[in-house]
2 protein chains.
Amino acid sequence: MTHPAAVALGVGFRVLAESSTSSAALVVPDCPVGECSDPQAVSAFAAGCDVMTFDHEHVPQALLQSLEGAGTVVRPGSRALLHAQDKLRMRSELTAAGIACPRWRAVRDLAELEEFGREVGLPVVLKTPRGGYDGRGVVFVNKADEARDRFDRLRAEVRDRSGHADALLAEEMIEFDRELAVLVARSPSGQAAAWPVVQTVQADGMCSEVVAPAPDLPVALAGQATRTALRLAAHLDVVGVLAVEMFQVTGPDGARSVLVNELAMRPHNSGHWTIDGAVTSQFEQHLRAVLDLPLGSTRARAPWTVMVNVVGGDRPDLYRSYLHVMARDPGVKVHLYGKEVRPGRKIGHVTVCGEDLRDCRDRARHAADFITGVIDS
Amino acid sequence: MTHPAAVALGVGFRVLAESSTSSAALVVPDCPVGECSDPQAVSAFAAGCDVMTFDHEHVPQALLQSLEGAGTVVRPGSRALLHAQDKLRMRSELTAAGIACPRWRAVRDLAELEEFGREVGLPVVLKTPRGGYDGRGVVFVNKADEARDRFDRLRAEVRDRSGHADALLAEEMIEFDRELAVLVARSPSGQAAAWPVVQTVQADGMCSEVVAPAPDLPVALAGQATRTALRLAAHLDVVGVLAVEMFQVTGPDGARSVLVNELAMRPHNSGHWTIDGAVTSQFEQHLRAVLDLPLGSTRARAPWTVMVNVVGGDRPDLYRSYLHVMARDPGVKVHLYGKEVRPGRKIGHVTVCGEDLRDCRDRARHAADFITGVIDS
């Protein structure tokens, strides 16, 4: 999705793809194949780039640092990116900066987890500090007698992946009103821009729907959320797009506020609505930011934009239902990623912009559900 | 510009490019190089396509017909495309269908041109029936003693190109109020859709600016223009996008009407505003139409959209001015085509959408003029 933005900007663009059948390889001419953890592949790739950036967090820190040491311009830099790679580092940095988060603890053994559970109450959310996404690497400890099993399971997952047994991140379970996300972009020169705060809806630990702007969001709360994200971008020296996922909560006194949940330092699912719904898409803005070009307007193009993910189901061939959706609603924007359908896999998204929120939401949900076969009329 | 639309639709897309440094070759992975008039290159290219379409009119009829004879799906078909390739065929077909045009004549020699000039009055516009664009292949006979020189010059141009001396097209010079364009799309199944009528502004025989919708256009005239374009699309059996350039004229009785000037059967400069300004761009719609997918909404995204072409000047390096424009106006959408700057060459366009026409126009003109160095503040 970054390629069309690069084309319009007239920017040379190349991608290191994980395979020759990946989405990027289907559409980008200059698309060598290699592992993002392979120093040789990444260094060879970097040699052809003025600036290097990422669409995920999986490039190892040691590799990033050696690239930087060799003079490659890496944006965001390794020091910033660490906070999107390691949730424990992120939590401690945010806490030190006085940014509101759920209560949390680094737990190295069962006893520490149990102690944290007694302090904040169950359920507790247990996360692998690195490598989790879309609900992976997260378990819930709902009852005291689940703690051992959950801890051991996640610890084993970490050990399998990294070979050593780091601490896990335990967090209190937040009773939130809803989830919000703030997308901002920041340039090396410090220019920053924020899109309107959006509401995100999760299903099975994965983003399913985004509404822009977040409905009925008090101006003061929107301001608080936006300032938090901009402050974070500056504090962590982020360059590029930063997505800050937040919980909206209501305190015992009825006051509403936001707590920071997760960070991503790249174009993010919560910003896909910007392709059709904002003057500047997150993909164009990410390029502008990492290339230190002036940032574009983040204004919404319509009063409401609703984005719904298209998640693979049992039906492998979506062509008929895709046709039906196009014929039924000429105003829906369908984006398919050229990925093979697998149950639970994000294979595209649909966007509807308009004047009426309910209408946009109904149409976007219908289109997404119809394409994948969740509904058939 | 069609590539991003193909990416979002999840459609496989390949381009036969005239050179390895053409705009398409820079951004499309599957982009063999070959001459569009070379039967072998075109046939080999067609073998890998389910549907073949065009971004210009220069593929020879004989080649199109032989492709169709061999079973290639060519859209628009050769019979339709002939009317965008040959202005004499276009004029006679339109006249037979009762569609209002400037008065015209096929002139084979100077005597016929002089006779036509006496009938309709000077100036007369003299055109090569094939191969002209952006002001090329067009001369004006302003005074009787210019007729011989102009006729011979254009006749020689035709002979150089095609090897034989076809008739030229002579047309009365229209005193128009302004120029309009209607962009429509039509599917093989007959579904058709029209975008709002736009006003086009020409400079040096080349489109310089497009305003969507055409300001102060009476509803009845918009209806007449749109019906004319839709009728033409059906009458000529066009598949894909059809751009109909028109003159708005006022009769001696004060009644306003439109005359058809030129046709193009492909995404057209008068439709570049749709990328940022309409729910469905002309590039996406062209793909939908030629693939017989249901057509998308042609609704404007904003009250006004102004598109201004970026035309190369003397300054070869536009980077500094491009930066300045982005910094000055975060809401302007700059599209660069990756073409080397040459004086008079279209190298990109800028688009501004908004609520206020004067504001949009001022900003778009400023951005285009600043990028190329026409103005420096």
# chains A, B, ... in the order shown; residues from 1 in each chain; ligands from 1
>>> interface_residues(of="chain B", to="chain A", cutoff="7 Å", atoms="only C-alpha atoms", output="VMD selection string")
chain B and resid 4 7 to 10 27 to 29 279 293 to 297 323 326 to 327 330 to 331 334 to 338
>>> select_by_dssp(residues="segment 149-326 of chain B", states="strand (DSSP E)", output="ChimeraX atom specification")
/B:168-172,178-186,192-194,198-203,206-212,240-250,256-264,304-311
>>> write_last_selection(atoms="C-alpha atoms", output="short mmCIF file (atom, residue, chain, number, x, y, z; two decimals), in the first residue's frame")
data_model
loop_
_atom_site.label_atom_id
_atom_site.label_comp_id
_atom_site.auth_asym_id
_atom_site.auth_seq_id
_atom_site.Cartn_x
_atom_site.Cartn_y
_atom_site.Cartn_z
CA LEU B 168 -7.27 16.31 -44.19
CA LEU B 169 -10.05 17.38 -41.85
CA ALA B 170 -11.13 21.01 -42.13
CA GLU B 171 -13.40 22.45 -39.43
CA GLU B 172 -14.99 25.80 -38.85
CA ARG B 178 -15.63 27.78 -22.89
CA GLU B 179 -14.53 24.17 -23.23
CA LEU B 180 -16.20 21.36 -21.33
CA ALA B 181 -15.41 17.66 -21.07
CA VAL B 182 -17.60 14.75 -20.15
CA LEU B 183 -15.99 11.58 -18.94
CA VAL B 184 -18.08 8.41 -19.00
CA ALA B 185 -17.34 4.72 -18.65
CA ARG B 186 -19.15 1.83 -20.25
CA ALA B 192 -22.52 3.16 -18.02
CA ALA B 193 -21.62 5.90 -15.58
CA ALA B 194 -20.76 9.58 -16.02
CA VAL B 198 -15.89 19.57 -16.06
CA GLN B 199 -14.50 22.76 -17.54
CA THR B 200 -11.16 22.46 -19.28
CA VAL B 201 -8.77 25.29 -19.98
CA GLN B 202 -6.26 24.95 -22.81
CA ALA B 203 -2.96 26.73 -23.26
CA MET B 206 -2.71 21.56 -24.56
CA CYS B 207 -4.97 21.06 -21.55
CA SER B 208 -3.64 23.16 -18.69
CA GLU B 209 -6.41 23.14 -16.09
CA VAL B 210 -9.59 21.24 -15.24
CA VAL B 211 -12.31 22.44 -12.86
CA ALA B 212 -14.81 19.90 -11.53
CA GLY B 240 -13.83 1.54 -20.96
CA VAL B 241 -13.49 5.25 -20.34
CA LEU B 242 -14.61 7.70 -23.03
CA ALA B 243 -13.64 11.36 -22.75
CA VAL B 244 -15.71 13.72 -24.88
CA GLU B 245 -14.27 17.21 -25.28
CA MET B 246 -16.91 19.79 -26.11
CA PHE B 247 -17.32 23.47 -26.91
CA GLN B 248 -19.98 25.38 -25.00
CA VAL B 249 -21.50 27.88 -27.44
CA THR B 250 -24.22 30.51 -27.32
CA ARG B 256 -26.50 27.69 -24.99
CA SER B 257 -25.57 24.28 -26.30
CA VAL B 258 -22.56 21.98 -26.73
CA LEU B 259 -20.68 20.82 -29.83
CA VAL B 260 -18.47 17.74 -29.75
CA ASN B 261 -14.82 18.58 -30.41
CA GLU B 262 -12.65 15.50 -29.76
CA LEU B 263 -12.93 11.96 -28.39
CA ALA B 264 -10.52 9.78 -26.43
CA TRP B 304 -14.74 21.62 -5.99
CA THR B 305 -11.68 19.97 -7.43
CA VAL B 306 -9.11 21.81 -9.53
CA MET B 307 -6.40 19.94 -11.46
CA VAL B 308 -3.51 21.83 -13.04
CA ASN B 309 -0.91 20.16 -15.24
CA VAL B 310 2.74 20.47 -14.34
CA VAL B 311 4.45 21.31 -17.63
#
>>> residues_around(residues="Val124 of chain A", least_positions_apart="6", cutoff="12 Å", atoms="only C-alpha atoms", output="VMD selection string")
chain A and resid 102 to 105 107 113 to 118 138 to 144 146 to 147 150 to 151 169 to 175
>>> write_last_selection(atoms="C-alpha atoms", output="PDB file, in the first residue's frame")
ATOM      1  CA  PRO A 102      -2.369   0.120  32.615  1.00  0.00           C
ATOM      2  CA  ARG A 103      -0.484  -0.993  35.740  1.00  0.00           C
ATOM      3  CA  TRP A 104       2.200  -3.441  34.706  1.00  0.00           C
ATOM      4  CA  ARG A 105       5.082  -5.584  35.962  1.00  0.00           C
ATOM      5  CA  VAL A 107       7.460 -11.012  35.846  1.00  0.00           C
ATOM      6  CA  LEU A 113       2.999 -13.133  38.439  1.00  0.00           C
ATOM      7  CA  GLU A 114       0.911 -14.309  41.373  1.00  0.00           C
ATOM      8  CA  GLU A 115       2.032 -11.380  43.486  1.00  0.00           C
ATOM      9  CA  PHE A 116       1.118  -8.934  40.694  1.00  0.00           C
ATOM     10  CA  GLY A 117      -2.268 -10.666  40.366  1.00  0.00           C
ATOM     11  CA  ARG A 118      -2.951 -10.178  44.041  1.00  0.00           C
ATOM     12  CA  VAL A 138      -1.083 -12.685  24.656  1.00  0.00           C
ATOM     13  CA  VAL A 139      -2.891 -14.825  27.233  1.00  0.00           C
ATOM     14  CA  PHE A 140      -5.330 -14.030  30.020  1.00  0.00           C
ATOM     15  CA  VAL A 141      -5.044 -15.254  33.573  1.00  0.00           C
ATOM     16  CA  ASN A 142      -8.667 -15.246  34.657  1.00  0.00           C
ATOM     17  CA  LYS A 143      -8.406 -17.347  37.796  1.00  0.00           C
ATOM     18  CA  ALA A 144      -5.556 -17.959  40.253  1.00  0.00           C
ATOM     19  CA  GLU A 146      -4.652 -20.712  35.649  1.00  0.00           C
ATOM     20  CA  ALA A 147      -1.503 -18.738  36.450  1.00  0.00           C
ATOM     21  CA  ARG A 150      -0.467 -19.582  31.303  1.00  0.00           C
ATOM     22  CA  PHE A 151       2.941 -18.505  32.559  1.00  0.00           C
ATOM     23  CA  LEU A 169       4.959  -8.494  30.764  1.00  0.00           C
ATOM     24  CA  ALA A 170       1.983  -8.690  33.106  1.00  0.00           C
ATOM     25  CA  GLU A 171      -0.684  -5.989  32.904  1.00  0.00           C
ATOM     26  CA  GLU A 172      -3.884  -5.322  34.752  1.00  0.00           C
ATOM     27  CA  MET A 173      -6.991  -6.055  32.703  1.00  0.00           C
ATOM     28  CA  ILE A 174      -8.582  -2.703  31.869  1.00  0.00           C
ATOM     29  CA  GLU A 175     -12.348  -2.350  31.915  1.00  0.00           C
TER      30      GLU A 175
END
>>> residues_around(residues="Ala47 of chain A", least_positions_apart="4", cutoff="10 Å", atoms="only C-alpha atoms", output="ChimeraX atom specification")
/A:42-43,51-52,67,71-72
>>> write_last_selection(atoms="C-alpha atoms", output="compact mmCIF listing (two decimals), in the first residue's frame")
# COMPACT_ATOMS: atom_id res chain seq x y z
CA VAL A 42 19.49 -6.67 4.65
CA SER A 43 22.90 -5.04 4.13
CA VAL A 51 16.62 5.80 3.55
CA MET A 52 15.45 2.51 4.99
CA LEU A 67 23.35 -0.82 9.68
CA GLY A 71 26.08 4.75 7.80
CA THR A 72 22.68 3.56 6.59
>>> select_by_dssp(residues="segment 182-289 of chain B", states="helix (DSSP H, G or I)", output="PyMOL selection string")
chain B and resi 219-235+269-271+274-277+282-289
>>> write_last_selection(atoms="N, CA and C atoms", output="short mmCIF file (atom, residue, chain, number, x, y, z; two decimals), in the first residue's frame")
data_model
loop_
_atom_site.label_atom_id
_atom_site.label_comp_id
_atom_site.auth_asym_id
_atom_site.auth_seq_id
_atom_site.Cartn_x
_atom_site.Cartn_y
_atom_site.Cartn_z
N VAL B 219 -28.21 23.32 -15.33
CA VAL B 219 -28.53 21.90 -15.20
C VAL B 219 -28.92 21.30 -16.55
N ALA B 220 -29.68 22.06 -17.33
CA ALA B 220 -30.14 21.53 -18.62
C ALA B 220 -28.95 21.28 -19.55
N LEU B 221 -27.97 22.18 -19.50
CA LEU B 221 -26.81 22.03 -20.37
C LEU B 221 -25.93 20.86 -19.90
N ALA B 222 -25.79 20.73 -18.58
CA ALA B 222 -25.05 19.58 -18.03
C ALA B 222 -25.73 18.29 -18.48
N GLY B 223 -27.05 18.29 -18.44
CA GLY B 223 -27.81 17.11 -18.87
C GLY B 223 -27.58 16.82 -20.34
N GLN B 224 -27.61 17.87 -21.15
CA GLN B 224 -27.40 17.68 -22.59
C GLN B 224 -26.01 17.11 -22.86
N ALA B 225 -25.02 17.69 -22.20
CA ALA B 225 -23.63 17.24 -22.41
C ALA B 225 -23.46 15.79 -21.97
N THR B 226 -24.02 15.46 -20.82
CA THR B 226 -23.87 14.10 -20.29
C THR B 226 -24.60 13.09 -21.17
N ARG B 227 -25.82 13.45 -21.59
CA ARG B 227 -26.57 12.53 -22.46
C ARG B 227 -25.83 12.31 -23.78
N THR B 228 -25.25 13.38 -24.30
CA THR B 228 -24.50 13.26 -25.56
C THR B 228 -23.36 12.26 -25.41
N ALA B 229 -22.61 12.37 -24.30
CA ALA B 229 -21.46 11.48 -24.10
C ALA B 229 -21.92 10.03 -23.90
N LEU B 230 -22.98 9.84 -23.12
CA LEU B 230 -23.47 8.48 -22.88
C LEU B 230 -24.01 7.87 -24.18
N ARG B 231 -24.69 8.70 -24.96
CA ARG B 231 -25.25 8.22 -26.23
C ARG B 231 -24.12 7.83 -27.17
N LEU B 232 -23.08 8.66 -27.20
CA LEU B 232 -21.92 8.36 -28.03
C LEU B 232 -21.25 7.04 -27.61
N ALA B 233 -21.11 6.86 -26.32
CA ALA B 233 -20.46 5.63 -25.82
C ALA B 233 -21.24 4.40 -26.28
N ALA B 234 -22.56 4.49 -26.20
CA ALA B 234 -23.39 3.35 -26.62
C ALA B 234 -23.36 3.21 -28.15
N HIS B 235 -23.48 4.34 -28.83
CA HIS B 235 -23.54 4.30 -30.30
C HIS B 235 -22.27 3.72 -30.90
N ASN B 269 -6.56 13.20 -19.72
CA ASN B 269 -6.11 14.31 -18.88
C ASN B 269 -7.28 15.06 -18.22
N SER B 270 -8.39 15.15 -18.92
CA SER B 270 -9.55 15.85 -18.35
C SER B 270 -10.15 15.08 -17.16
N GLY B 271 -9.68 13.85 -16.95
CA GLY B 271 -10.20 13.04 -15.85
C GLY B 271 -9.19 12.80 -14.73
N THR B 274 -10.14 13.01 -11.04
CA THR B 274 -10.91 11.97 -10.35
C THR B 274 -10.05 11.16 -9.38
N ILE B 275 -8.72 11.16 -9.55
CA ILE B 275 -7.86 10.40 -8.63
C ILE B 275 -8.10 10.87 -7.20
N ASP B 276 -8.06 12.16 -7.00
CA ASP B 276 -8.25 12.70 -5.65
C ASP B 276 -9.68 13.20 -5.43
N GLY B 277 -10.38 13.51 -6.53
CA GLY B 277 -11.64 14.23 -6.38
C GLY B 277 -12.91 13.41 -6.52
N GLN B 282 -10.84 7.61 -12.73
CA GLN B 282 -11.01 7.13 -14.10
C GLN B 282 -10.15 5.89 -14.36
N PHE B 283 -9.04 5.76 -13.65
CA PHE B 283 -8.16 4.62 -13.88
C PHE B 283 -8.79 3.34 -13.32
N GLU B 284 -9.32 3.43 -12.11
CA GLU B 284 -10.03 2.29 -11.55
C GLU B 284 -11.25 1.94 -12.41
N GLN B 285 -11.98 2.95 -12.82
CA GLN B 285 -13.20 2.72 -13.60
C GLN B 285 -12.88 2.09 -14.95
N HIS B 286 -11.80 2.53 -15.56
CA HIS B 286 -11.42 1.94 -16.85
C HIS B 286 -11.14 0.45 -16.68
N LEU B 287 -10.42 0.10 -15.61
CA LEU B 287 -10.16 -1.32 -15.35
C LEU B 287 -11.46 -2.07 -15.09
N ARG B 288 -12.31 -1.48 -14.25
CA ARG B 288 -13.59 -2.15 -13.97
C ARG B 288 -14.36 -2.39 -15.26
N ALA B 289 -14.39 -1.37 -16.12
CA ALA B 289 -15.18 -1.46 -17.35
C ALA B 289 -14.60 -2.52 -18.29
#
>>> atom_distance(atom1="atom CA of Arg266 of chain A", atom2="atom CA of Phe54 of chain A")
6.6 Å
>>> atom_distance(atom1="atom CA of Leu64 of chain A", atom2="atom CA of Gln40 of chain A")
12.3 Å
>>> atom_distance(atom1="atom CA of Ala62 of chain B", atom2="atom CA of Arg79 of chain B")
11.0 Å
